[in-house]
Structures are given as structure tokens and as C-alpha cells.
$ cat protein30.cif   # mmCIF, C-alpha atoms
data_model
#
loop_
_atom_site.group_PDB
_atom_site.id
_atom_site.type_symbol
_atom_site.label_atom_id
_atom_site.label_comp_id
_atom_site.auth_asym_id
_atom_site.auth_seq_id
_atom_site.Cartn_x
_atom_site.Cartn_y
_atom_site.Cartn_z
ATOM 1 C CA GLY J 54 1.416 -38.138 -7.410
ATOM 2 C CA THR J 55 0.738 -35.888 -10.386
ATOM 3 C CA TYR J 56 -2.368 -34.052 -9.201
ATOM 4 C CA ILE J 57 -5.490 -34.068 -7.060
ATOM 5 C CA MET J 58 -8.764 -33.552 -8.933
ATOM 6 C CA LEU J 59 -12.079 -33.185 -7.097
ATOM 7 C CA GLY J 60 -15.436 -33.202 -8.910
ATOM 8 C CA LEU J 61 -14.345 -34.524 -12.298
ATOM 9 C CA THR J 62 -17.693 -33.820 -14.002
ATOM 10 C CA ALA J 63 -20.519 -31.406 -13.228
ATOM 11 C CA ALA J 64 -22.516 -34.257 -11.657
ATOM 12 C CA ASP J 65 -19.731 -35.336 -9.316
ATOM 13 C CA PHE J 66 -19.130 -34.426 -5.689
ATOM 14 C CA GLY J 67 -15.643 -34.690 -4.258
ATOM 15 C CA THR J 68 -14.387 -34.200 -0.702
ATOM 16 C CA VAL J 69 -10.877 -34.275 0.738
ATOM 17 C CA LEU J 70 -10.026 -33.737 4.415
ATOM 18 C CA ASN J 71 -6.280 -33.388 4.877
ATOM 19 C CA ASN J 72 -4.823 -33.675 8.359
ATOM 20 C CA GLY J 73 -1.379 -34.674 7.148
ATOM 21 C CA THR J 74 0.917 -33.709 4.285
ATOM 22 C CA ILE J 75 0.056 -33.549 0.575
ATOM 23 C CA ASN J 76 2.659 -32.574 -2.009
ATOM 24 C CA VAL J 77 1.505 -32.772 -5.638
ATOM 25 C CA PRO J 78 2.220 -30.472 -8.606
ATOM 26 C CA SER J 79 -1.412 -29.406 -9.103
ATOM 27 C CA THR J 80 -4.626 -29.407 -7.083
ATOM 28 C CA TYR J 81 -7.889 -28.953 -9.015
ATOM 29 C CA LEU J 82 -11.369 -28.389 -7.688
ATOM 30 C CA HIS J 83 -12.712 -29.222 -11.120
ATOM 31 C CA ALA J 84 -16.197 -29.223 -12.695
ATOM 32 C CA GLY J 85 -18.395 -30.717 -10.004
ATOM 33 C CA THR J 86 -19.102 -29.736 -6.428
ATOM 34 C CA ALA J 87 -15.903 -29.991 -4.431
ATOM 35 C CA LEU J 88 -14.903 -29.462 -0.814
ATOM 36 C CA LEU J 89 -11.290 -29.434 0.339
ATOM 37 C CA VAL J 90 -10.515 -28.876 4.011
ATOM 38 C CA ASN J 91 -6.823 -28.563 4.779
ATOM 39 C CA ASN J 92 -5.780 -28.880 8.406
ATOM 40 C CA GLY J 93 -2.276 -30.013 7.563
ATOM 41 C CA THR J 94 0.144 -29.093 4.786
ATOM 42 C CA LEU J 95 -0.697 -28.824 1.086
ATOM 43 C CA SER J 96 2.029 -27.859 -1.357
ATOM 44 C CA GLY J 97 2.593 -27.816 -5.102
ATOM 45 C CA THR J 98 2.776 -25.576 -8.136
ATOM 46 C CA ALA J 99 -0.823 -24.634 -8.980
ATOM 47 C CA LEU J 100 -4.094 -24.470 -7.056
ATOM 48 C CA ILE J 101 -7.188 -24.025 -9.214
ATOM 49 C CA LEU J 102 -10.745 -23.650 -7.922
ATOM 50 C CA GLY J 103 -13.287 -24.166 -10.725
ATOM 51 C CA GLN J 104 -10.963 -25.668 -13.324
ATOM 52 C CA ALA J 105 -14.004 -26.213 -15.583
ATOM 53 C CA PRO J 106 -17.603 -24.903 -15.539
ATOM 54 C CA GLY J 107 -19.794 -26.884 -13.165
ATOM 55 C CA GLY J 108 -20.723 -26.793 -9.498
ATOM 56 C CA ASP J 109 -19.646 -24.981 -6.361
ATOM 57 C CA ASN J 110 -16.134 -25.271 -4.991
ATOM 58 C CA THR J 111 -15.032 -24.531 -1.434
ATOM 59 C CA LEU J 112 -11.547 -24.666 0.038
ATOM 60 C CA THR J 113 -11.085 -24.090 3.756
ATOM 61 C CA ASN J 114 -7.497 -23.771 4.904
ATOM 62 C CA ASN J 115 -6.776 -24.130 8.605
ATOM 63 C CA GLY J 116 -3.197 -25.233 8.044
ATOM 64 C CA GLN J 117 -0.426 -24.368 5.579
ATOM 65 C CA ILE J 118 -0.787 -24.090 1.791
ATOM 66 C CA THR J 119 2.284 -23.281 -0.292
ATOM 67 C CA MET J 120 2.110 -22.888 -4.086
ATOM 68 C CA THR J 121 5.220 -22.012 -6.090
ATOM 69 C CA GLY J 122 2.924 -20.967 -8.937
ATOM 70 C CA ALA J 123 -0.457 -19.253 -8.910
ATOM 71 C CA THR J 124 -3.796 -19.778 -7.175
ATOM 72 C CA TYR J 125 -6.807 -19.307 -9.480
ATOM 73 C CA MET J 126 -10.441 -18.575 -8.652
ATOM 74 C CA ASN J 127 -11.751 -19.672 -12.027
ATOM 75 C CA HIS J 128 -15.171 -20.812 -13.337
ATOM 76 C CA VAL J 129 -18.561 -20.480 -11.617
ATOM 77 C CA THR J 130 -18.804 -20.347 -7.785
ATOM 78 C CA ASN J 131 -15.614 -20.575 -5.751
ATOM 79 C CA THR J 132 -14.974 -19.809 -2.086
ATOM 80 C CA LEU J 133 -11.565 -19.808 -0.427
ATOM 81 C CA VAL J 134 -11.643 -19.453 3.361
ATOM 82 C CA ASN J 135 -8.183 -18.942 4.816
ATOM 83 C CA ASN J 136 -7.832 -19.288 8.572
ATOM 84 C CA GLY J 137 -4.273 -20.541 8.350
ATOM 85 C CA THR J 138 -1.347 -19.619 6.112
ATOM 86 C CA LEU J 139 -1.487 -19.374 2.320
ATOM 87 C CA VAL J 140 1.710 -18.657 0.387
ATOM 88 C CA THR J 141 1.408 -18.384 -3.396
ATOM 89 C CA ASP J 142 3.310 -16.695 -6.204
ATOM 90 C CA GLY J 143 0.116 -15.235 -7.700
ATOM 91 C CA LEU J 144 -3.541 -14.926 -6.692
ATOM 92 C CA LEU J 145 -6.086 -14.385 -9.453
ATOM 93 C CA ASN J 146 -9.597 -13.729 -8.173
ATOM 94 C CA GLY J 147 -12.504 -13.719 -10.646
ATOM 95 C CA HIS J 148 -10.316 -15.344 -13.306
ATOM 96 C CA ASP J 149 -13.183 -16.184 -15.692
ATOM 97 C CA VAL J 150 -16.150 -14.152 -16.912
ATOM 98 C CA SER J 151 -18.432 -16.727 -15.227
ATOM 99 C CA SER J 152 -16.671 -16.474 -11.852
ATOM 100 C CA VAL J 153 -18.587 -15.843 -8.655
ATOM 101 C CA SER J 154 -15.546 -15.862 -6.396
ATOM 102 C CA ARG J 155 -14.988 -15.016 -2.761
ATOM 103 C CA ILE J 156 -11.850 -15.027 -0.635
ATOM 104 C CA VAL J 157 -12.397 -14.792 3.134
ATOM 105 C CA ASN J 158 -9.303 -14.202 5.251
ATOM 106 C CA THR J 159 -8.664 -14.318 8.983
ATOM 107 C CA GLY J 160 -5.192 -15.817 8.689
ATOM 108 C CA THR J 161 -2.080 -14.932 6.700
ATOM 109 C CA ILE J 162 -1.929 -14.654 2.904
ATOM 110 C CA THR J 163 1.383 -13.929 1.202
ATOM 111 C CA VAL J 164 1.374 -13.314 -2.560
ATOM 112 C CA GLY J 165 4.907 -13.086 -3.889
ATOM 113 C CA GLY J 166 3.826 -11.661 -7.234
ATOM 114 C CA TRP J 167 0.517 -10.137 -8.320
ATOM 115 C CA PHE J 168 -2.853 -10.241 -6.616
ATOM 116 C CA TYR J 169 -5.554 -9.465 -9.170
ATOM 117 C CA THR J 170 -8.708 -8.348 -7.378
ATOM 118 C CA SER J 171 -10.595 -9.524 -10.486
ATOM 119 C CA VAL J 172 -9.347 -10.669 -13.881
ATOM 120 C CA ALA J 173 -12.500 -11.191 -15.951
ATOM 121 C CA SER J 174 -15.546 -11.654 -13.701
ATOM 122 C CA THR J 175 -18.724 -9.677 -14.378
ATOM 123 C CA ALA J 176 -20.016 -10.469 -10.873
ATOM 124 C CA PRO J 177 -17.902 -8.824 -8.179
ATOM 125 C CA ALA J 178 -14.994 -11.021 -7.140
ATOM 126 C CA ILE J 179 -14.916 -10.423 -3.401
ATOM 127 C CA LEU J 180 -12.159 -10.266 -0.810
ATOM 128 C CA ASP J 181 -13.449 -10.227 2.769
ATOM 129 C CA MET J 182 -10.636 -9.184 5.098
ATOM 130 C CA ASN J 183 -12.163 -10.263 8.391
ATOM 131 C CA GLY J 184 -8.848 -10.221 10.198
ATOM 132 C CA GLY J 185 -5.299 -11.382 9.797
ATOM 133 C CA VAL J 186 -2.730 -10.160 7.310
ATOM 134 C CA MET J 187 -2.388 -10.099 3.531
ATOM 135 C CA VAL J 188 0.956 -9.173 1.952
ATOM 136 C CA ASN J 189 1.134 -8.683 -1.835
ATOM 137 C CA GLY J 190 4.030 -7.987 -4.128
ATOM 138 C CA HIS J 191 1.556 -6.025 -6.266
ATOM 139 C CA MET J 192 -2.200 -5.507 -6.020
ATOM 140 C CA GLU J 193 -3.905 -4.828 -9.348
ATOM 141 C CA MET J 194 -7.243 -2.985 -9.453
ATOM 142 C CA THR J 195 -7.489 -2.079 -13.146
ATOM 143 C CA GLY J 196 -9.548 -3.177 -16.152
ATOM 144 C CA ASN J 197 -13.229 -3.912 -16.689
ATOM 145 C CA ALA J 198 -13.720 -6.894 -14.364
ATOM 146 C CA ALA J 199 -15.742 -6.360 -11.174
ATOM 147 C CA SER J 200 -14.365 -6.670 -7.644
ATOM 148 C CA THR J 201 -15.087 -5.632 -4.062
ATOM 149 C CA ILE J 202 -12.683 -5.511 -1.131
ATOM 150 C CA ASN J 203 -14.305 -5.411 2.299
ATOM 151 C CA LEU J 204 -11.697 -4.103 4.765
ATOM 152 C CA ASN J 205 -13.594 -5.278 7.825
ATOM 153 C CA GLU J 206 -10.561 -6.053 9.997
ATOM 154 C CA GLY J 207 -6.903 -6.869 9.536
ATOM 155 C CA ILE J 208 -4.128 -5.399 7.406
ATOM 156 C CA ILE J 209 -3.311 -5.517 3.688
ATOM 157 C CA THR J 210 0.195 -4.464 2.640
ATOM 158 C CA ASN J 211 1.096 -3.963 -1.031
ATOM 159 C CA THR J 212 4.631 -3.269 -2.233
ATOM 160 C CA THR J 213 3.037 -1.645 -5.299
ATOM 161 C CA LEU J 214 -0.566 -0.834 -6.217
ATOM 162 C CA GLY J 215 -2.263 -0.501 -9.607
ATOM 163 C CA LEU J 216 -5.315 1.787 -9.675
ATOM 164 C CA ASP J 217 -7.629 2.820 -12.510
ATOM 165 C CA GLY J 218 -10.083 5.690 -12.110
ATOM 166 C CA ASN J 219 -12.046 4.348 -15.096
ATOM 167 C CA ALA J 220 -12.555 0.951 -13.448
ATOM 168 C CA THR J 221 -15.927 1.947 -12.016
ATOM 169 C CA ASN J 222 -16.878 -1.595 -10.994
ATOM 170 C CA LYS J 223 -13.982 -2.038 -8.562
ATOM 171 C CA THR J 224 -14.805 -0.916 -5.027
ATOM 172 C CA ILE J 225 -13.315 -0.891 -1.531
ATOM 173 C CA VAL J 226 -15.425 -0.658 1.637
ATOM 174 C CA VAL J 227 -13.345 0.339 4.670
ATOM 175 C CA ASP J 228 -14.360 -0.506 8.220
ATOM 176 C CA ASN J 229 -11.771 -1.377 10.880
ATOM 177 C CA GLY J 230 -9.223 -2.777 8.450
ATOM 178 C CA VAL J 231 -6.234 -0.906 7.035
ATOM 179 C CA MET J 232 -4.411 -1.079 3.701
ATOM 180 C CA TYR J 233 -0.800 0.049 3.223
ATOM 181 C CA SER J 234 0.658 0.550 -0.267
ATOM 182 C CA GLY J 235 4.183 1.500 -1.244
ATOM 183 C CA ASP J 236 4.927 5.046 -2.457
ATOM 184 C CA ASP J 237 2.503 7.971 -2.513
ATOM 185 C CA GLN J 238 -0.885 6.651 -3.660
ATOM 186 C CA THR J 239 -2.944 9.425 -2.042
ATOM 187 C CA ALA J 240 -3.910 11.125 -5.318
ATOM 188 C CA GLY J 241 -5.360 7.939 -6.786
ATOM 189 C CA LEU J 242 -7.040 6.799 -3.588
ATOM 190 C CA ASP J 243 -8.491 10.236 -2.864
ATOM 191 C CA TYR J 244 -9.905 10.359 -6.393
ATOM 192 C CA LEU J 245 -11.569 6.965 -5.923
ATOM 193 C CA ILE J 246 -12.966 8.225 -2.613
ATOM 194 C CA SER J 247 -14.306 11.359 -4.313
ATOM 195 C CA ILE J 248 -16.223 9.356 -6.941
ATOM 196 C CA GLY J 249 -17.580 6.856 -4.421
ATOM 197 C CA LEU J 250 -15.556 3.786 -5.385
ATOM 198 C CA ILE J 251 -13.903 3.768 -1.967
ATOM 199 C CA THR J 252 -16.389 4.205 0.869
ATOM 200 C CA GLY J 253 -16.492 3.853 4.629
ATOM 201 C CA LYS J 254 -18.751 1.238 6.132
ATOM 202 C CA GLY J 255 -21.864 2.705 7.682
ATOM 203 C CA ALA J 256 -21.200 6.278 8.788
ATOM 204 C CA LYS J 257 -17.412 6.012 8.566
ATOM 205 C CA THR J 258 -15.304 8.271 6.348
ATOM 206 C CA PRO J 259 -12.416 6.788 4.316
ATOM 207 C CA LEU J 260 -9.101 8.650 4.312
ATOM 208 C CA SER J 261 -5.616 8.203 2.898
ATOM 209 C CA SER J 262 -2.281 9.484 4.221
ATOM 210 C CA TYR J 263 1.367 9.108 3.185
ATOM 211 C CA ASP J 264 4.240 8.745 5.665
ATOM 212 C CA GLY J 265 7.108 8.956 3.171
ATOM 213 C CA SER J 266 7.210 5.215 2.512
ATOM 214 C CA TYR J 267 3.679 3.825 2.520
ATOM 215 C CA THR J 268 0.211 5.182 1.858
ATOM 216 C CA LYS J 269 -2.349 4.220 4.475
ATOM 217 C CA LEU J 270 -6.030 3.719 3.615
ATOM 218 C CA TYR J 271 -8.299 3.665 6.653
ATOM 219 C CA ALA J 272 -11.649 4.961 7.925
ATOM 220 C CA ILE J 273 -12.759 7.085 10.868
ATOM 221 C CA PRO J 274 -16.184 7.575 12.464
ATOM 222 C CA GLU J 275 -18.150 10.578 11.251
ATOM 223 C CA PRO J 276 -17.408 13.847 13.157
ATOM 224 C CA ALA J 277 -20.737 13.811 14.995
ATOM 225 C CA ILE J 278 -19.907 10.425 16.511
ATOM 226 C CA ILE J 279 -16.402 11.562 17.462
ATOM 227 C CA GLY J 280 -17.891 14.672 19.102
ATOM 228 C CA ALA J 281 -20.407 12.617 21.037
ATOM 229 C CA LEU J 282 -17.676 10.286 22.290
ATOM 230 C CA SER J 283 -15.569 13.282 23.352
ATOM 231 C CA LEU J 284 -18.468 14.762 25.297
ATOM 232 C CA LEU J 285 -19.080 11.411 26.927
ATOM 233 C CA GLY J 286 -15.436 11.293 27.991
ATOM 234 C CA VAL J 287 -15.675 14.775 29.522
ATOM 235 C CA ALA J 288 -18.854 13.828 31.380
ATOM 236 C CA LEU J 289 -17.212 10.704 32.795
ATOM 237 C CA LEU J 290 -14.201 12.724 33.966
ATOM 238 C CA ARG J 291 -16.486 15.220 35.735
ATOM 239 C CA ARG J 292 -18.323 12.387 37.448
ATOM 240 C CA LYS J 293 -15.049 11.090 38.852
#
$ encode --input "protein30.cif" --output "C-alpha cells"
Amino acid sequence: GTYIMLGLTAADFGTVLNNGTINVPSTYLHAGTALLVNNGTLSGTALILGQAPGGDNTLTNNGQITMTGATYMNHVTNTLVNNGTLVTDGLLNGHDVSSVSRIVNTGTITVGGWFYTSVASTAPAILDMNGGVMVNGHMEMTGNAASTINLNEGIITNTTLGLDGNATNKTIVVDNGVMYSGDDQTAGLDYLISIGLITGKGAKTPLSSYDGSYTKLYAIPEPAIIGALSLLGVALLRRK
């Protein structure tokens, strides 16, 4: 086939449940309300959520998606839940000014080229790392579009990283997740920490460190909590 198109008009509702193999050049969750659940294999060139303004689009991947081109989170409300494996040459979150986009990952995402945390969206384009792994050729966090990365769990690894201290609407919240970026990015990350664009979740403190190859962004509990845990450990040892 040439393409799959779900929700042709704003009034339409389209659903596809794939438990087998689909190989088409393009898959569109178009202008209506669309739901695509992939438990099998979906492959092609382009994957576009919100091809035209309209309803809400949701893609849940429990299997394997492979795109030789880019994956776009485009118009209006789009949610991509990846519990399986997503391989794509590019990943463009918040691709349109109208985007309300969210990527939720517990699986494996591999972006061969650029991952844009947000291209044009005025509402934060969100990445929830709830586990799993994300590997990017380059992660771009520059420009005026809004984005939020929630490093709840899991690991992000970027070969290169683009940061912009003037991009005050791009934020990272670090909990138990970790982000590694090639080369020494500590100056840029520490600056974003100092101006509150990178924060720790709750009482945690975000930190960056460089090992000679990769810069690690992570968070630790506040000193008072660490001290309390240490005292608890001493008390338990004395009891024994």
C-alpha cells in the first residue's frame, strides 16, 4: 500500500490494532480522532501524528516501529506511548505552534539523527522518561518553542547536545533518570541549573559531571535526607 490514514476529517474517528506486520511508506494519524495500537511490526518512511488540525491522536507501541525518515508530533493533541522499540531517523516533538504533544517512554527509542524537544509549540512538548532507554544522534534544546523533559526513570544518551541559555521555556526535571551527552556539557548544564531551567524533582538537587567522554546529568537527595539516612544506617548497625 501507499499509506495508512486514520481520522481523515475532524469529525472522523479511526482505530487500527496491529498484531501482525504493516509496511507502508507513510502512516498518518490525520485530522480526526485516531488510535493506533501496534503490537506487531510497523515500518515505513514517515510517521505523522496530527497531520492536519483536528482531534486527538494516540499511538501506543508495544511492538516494533521502524521509520527510515522522521516521526512528527504535529498539530493539536498527540500522545505517543512507547513500551516497545521505536527506531526513527528523526523525532520532532511539538512540530506545530498548535501542538500539545507528549511522548511517554518505558521501552527503547533510537533516533539516528536529531531529536527536537520542541520545534514550534507554545504549549510545552513533553517527554516523560518513565523507564527504558532513549539514544539520540543529537538532542536539540534551542529556540523559542516550549518543552519539558521529565527524567523520572531510565537513561537518555545523546551523541551531541544543543543547549540555549536564552531558551527559557525549555526545562528538565530530574528524578531517578539519567542523561548522558557527548563531550563536556557541564558549563551549559550548570548554567541551566543555576537559572532554574533544570531542577530536581521534589527535594532533589540536579548535578552534572564529566568523565572525559560523556557528561552525566542526574539528581541526588538533599543533604538533610542523606544525613538522616546515614544516621539511620549507623543506628541499625549499633542495634546488630
$ residues_near_point --input "protein30.cif" --point "(3.2, -12.4, -10.0)" --cutoff "7 Å" --atoms "all atoms listed in the file" --output "PDB file with C-alpha atoms, in the coordinates of the input"
ATOM      1  CA  ASP J 142       3.310 -16.695  -6.204  1.00  0.00           C
ATOM      2  CA  GLY J 143       0.116 -15.235  -7.700  1.00  0.00           C
ATOM      3  CA  GLY J 165       4.907 -13.086  -3.889  1.00  0.00           C
ATOM      4  CA  GLY J 166       3.826 -11.661  -7.234  1.00  0.00           C
ATOM      5  CA  TRP J 167       0.517 -10.137  -8.320  1.00  0.00           C
TER       6      TRP J 167
END
$ residues_around --input "protein30.cif" --residues "Pro78 in chain J" --least-positions-apart "3" --cutoff "6 Å" --atoms "all atoms listed in the file" --output "PyMOL selection string"
chain J and resi 55-56+97-98
$ residues_around --input "protein30.cif" --residues "Leu216 in chain J" --least-positions-apart "3" --cutoff "8 Å" --atoms "only C-alpha atoms" --output "VMD selection string"
chain J and resid 193 to 195 241
$ residues_near_point --input "protein30.cif" --point "(-15.3, -17.9, -5.3)" --cutoff "6 Å" --atoms "all atoms listed in the file" --output "number ranges by chain"
J: 126, 130-132, 153-155
$ atom_distance --input "protein30.cif" --atom1 "CA of Thr80 in chain J" --atom2 "CA of Thr111 in chain J"
12.8 Å
$ resolve_selection --input "protein30.cif" --expression "the PyMOL selection byres ((chain J and resi 227) around 6)" --output "ChimeraX atom specification"
/J:204,226,228,253-254,272
$ resolve_selection --input "protein30.cif" --expression "the PyMOL selection byres ((chain J and resi 68-77) around 9)" --output "VMD selection string"
chain J and resid 54 to 57 59 to 60 66 to 67 78 to 80 86 to 98 116
$ write_last_selection --input "protein30.cif" --atoms "C-alpha atoms" --output "PDB file, keeping the file's coordinate frame"
ATOM      1  CA  GLY J  54       1.416 -38.138  -7.410  1.00  0.00           C
ATOM      2  CA  THR J  55       0.738 -35.888 -10.386  1.00  0.00           C
ATOM      3  CA  TYR J  56      -2.368 -34.052  -9.201  1.00  0.00           C
ATOM      4  CA  ILE J  57      -5.490 -34.068  -7.060  1.00  0.00           C
ATOM      5  CA  LEU J  59     -12.079 -33.185  -7.097  1.00  0.00           C
ATOM      6  CA  GLY J  60     -15.436 -33.202  -8.910  1.00  0.00           C
ATOM      7  CA  PHE J  66     -19.130 -34.426  -5.689  1.00  0.00           C
ATOM      8  CA  GLY J  67     -15.643 -34.690  -4.258  1.00  0.00           C
ATOM      9  CA  PRO J  78       2.220 -30.472  -8.606  1.00  0.00           C
ATOM     10  CA  SER J  79      -1.412 -29.406  -9.103  1.00  0.00           C
ATOM     11  CA  THR J  80      -4.626 -29.407  -7.083  1.00  0.00           C
ATOM     12  CA  THR J  86     -19.102 -29.736  -6.428  1.00  0.00           C
ATOM     13  CA  ALA J  87     -15.903 -29.991  -4.431  1.00  0.00           C
ATOM     14  CA  LEU J  88     -14.903 -29.462  -0.814  1.00  0.00           C
ATOM     15  CA  LEU J  89     -11.290 -29.434   0.339  1.00  0.00           C
ATOM     16  CA  VAL J  90     -10.515 -28.876   4.011  1.00  0.00           C
ATOM     17  CA  ASN J  91      -6.823 -28.563   4.779  1.00  0.00           C
ATOM     18  CA  ASN J  92      -5.780 -28.880   8.406  1.00  0.00           C
ATOM     19  CA  GLY J  93      -2.276 -30.013   7.563  1.00  0.00           C
ATOM     20  CA  THR J  94       0.144 -29.093   4.786  1.00  0.00           C
ATOM     21  CA  LEU J  95      -0.697 -28.824   1.086  1.00  0.00           C
ATOM     22  CA  SER J  96       2.029 -27.859  -1.357  1.00  0.00           C
ATOM     23  CA  GLY J  97       2.593 -27.816  -5.102  1.00  0.00           C
ATOM     24  CA  THR J  98       2.776 -25.576  -8.136  1.00  0.00           C
ATOM     25  CA  GLY J 116      -3.197 -25.233   8.044  1.00  0.00           C
TER      26      GLY J 116
END
$ closest_residue --input "protein30.cif" --among "J:Val186, J:His148, J:Pro177, J:Val140" --to "Gly160 in chain J" --atoms "all atoms listed in the file"
J:Val186
$ closest_residue --input "protein30.cif" --among "J:Lys269, J:Lys257, J:His128, J:Lys223" --to "Ser151 in chain J" --atoms "only C-alpha atoms"
J:His128
$ atom_distance --input "protein30.cif" --atom1 "CA of Thr170 in chain J" --atom2 "CA of Leu112 in chain J"
18.1 Å
$ decode --input "protein30.cif" --residues "range 142-189 of chain J" --atoms "C-alpha atoms" --output "PDB file, in the first residue's frame"
ATOM      1  CA  ASP J 142      15.826   8.811  11.694  1.00  0.00           C
ATOM      2  CA  GLY J 143      14.366  11.942  13.317  1.00  0.00           C
ATOM      3  CA  LEU J 144      11.912  12.740  16.114  1.00  0.00           C
ATOM      4  CA  LEU J 145      10.256  16.154  16.079  1.00  0.00           C
ATOM      5  CA  ASN J 146       8.156  16.853  19.161  1.00  0.00           C
ATOM      6  CA  GLY J 147       5.890  19.923  19.207  1.00  0.00           C
ATOM      7  CA  HIS J 148       6.294  20.344  15.443  1.00  0.00           C
ATOM      8  CA  ASP J 149       3.492  22.915  15.047  1.00  0.00           C
ATOM      9  CA  VAL J 150       2.596  26.022  17.038  1.00  0.00           C
ATOM     10  CA  SER J 151      -0.738  24.343  17.897  1.00  0.00           C
ATOM     11  CA  SER J 152       0.899  21.148  19.187  1.00  0.00           C
ATOM     12  CA  VAL J 153       0.056  19.716  22.584  1.00  0.00           C
ATOM     13  CA  SER J 154       2.405  16.755  22.326  1.00  0.00           C
ATOM     14  CA  ARG J 155       3.560  14.119  24.766  1.00  0.00           C
ATOM     15  CA  ILE J 156       5.980  11.227  24.376  1.00  0.00           C
ATOM     16  CA  VAL J 157       5.914   8.620  27.162  1.00  0.00           C
ATOM     17  CA  ASN J 158       8.703   6.047  27.126  1.00  0.00           C
ATOM     18  CA  THR J 159       9.279   2.832  29.046  1.00  0.00           C
ATOM     19  CA  GLY J 160      10.834   0.968  26.130  1.00  0.00           C
ATOM     20  CA  THR J 161      13.636   1.731  23.684  1.00  0.00           C
ATOM     21  CA  ILE J 162      13.751   4.766  21.384  1.00  0.00           C
ATOM     22  CA  THR J 163      16.609   5.149  18.919  1.00  0.00           C
ATOM     23  CA  VAL J 164      16.833   8.384  16.916  1.00  0.00           C
ATOM     24  CA  GLY J 165      19.539   8.147  14.285  1.00  0.00           C
ATOM     25  CA  GLY J 166      19.531  11.875  13.580  1.00  0.00           C
ATOM     26  CA  TRP J 167      18.048  14.763  15.557  1.00  0.00           C
ATOM     27  CA  PHE J 168      15.564  14.704  18.402  1.00  0.00           C
ATOM     28  CA  TYR J 169      13.959  18.132  18.713  1.00  0.00           C
ATOM     29  CA  THR J 170      12.458  18.518  22.177  1.00  0.00           C
ATOM     30  CA  SER J 171      10.122  21.104  20.608  1.00  0.00           C
ATOM     31  CA  VAL J 172      10.116  22.699  17.165  1.00  0.00           C
ATOM     32  CA  ALA J 173       7.331  25.292  17.300  1.00  0.00           C
ATOM     33  CA  SER J 174       4.873  24.506  20.110  1.00  0.00           C
ATOM     34  CA  THR J 175       3.810  27.246  22.524  1.00  0.00           C
ATOM     35  CA  ALA J 176       2.491  24.634  24.977  1.00  0.00           C
ATOM     36  CA  PRO J 177       5.289  22.512  26.426  1.00  0.00           C
ATOM     37  CA  ALA J 178       6.021  19.487  24.263  1.00  0.00           C
ATOM     38  CA  ILE J 179       6.660  16.837  26.891  1.00  0.00           C
ATOM     39  CA  LEU J 180       8.932  13.814  27.094  1.00  0.00           C
ATOM     40  CA  ASP J 181       8.175  11.550  30.056  1.00  0.00           C
ATOM     41  CA  MET J 182      11.070   9.144  30.560  1.00  0.00           C
ATOM     42  CA  ASN J 183       9.375   6.648  32.849  1.00  0.00           C
ATOM     43  CA  GLY J 184      11.945   3.962  32.193  1.00  0.00           C
ATOM     44  CA  GLY J 185      13.778   2.316  29.358  1.00  0.00           C
ATOM     45  CA  VAL J 186      16.380   3.846  27.085  1.00  0.00           C
ATOM     46  CA  MET J 187      16.492   6.686  24.570  1.00  0.00           C
ATOM     47  CA  VAL J 188      19.514   7.059  22.276  1.00  0.00           C
ATOM     48  CA  ASN J 189      19.792  10.179  20.086  1.00  0.00           C
TER      49      ASN J 189
END
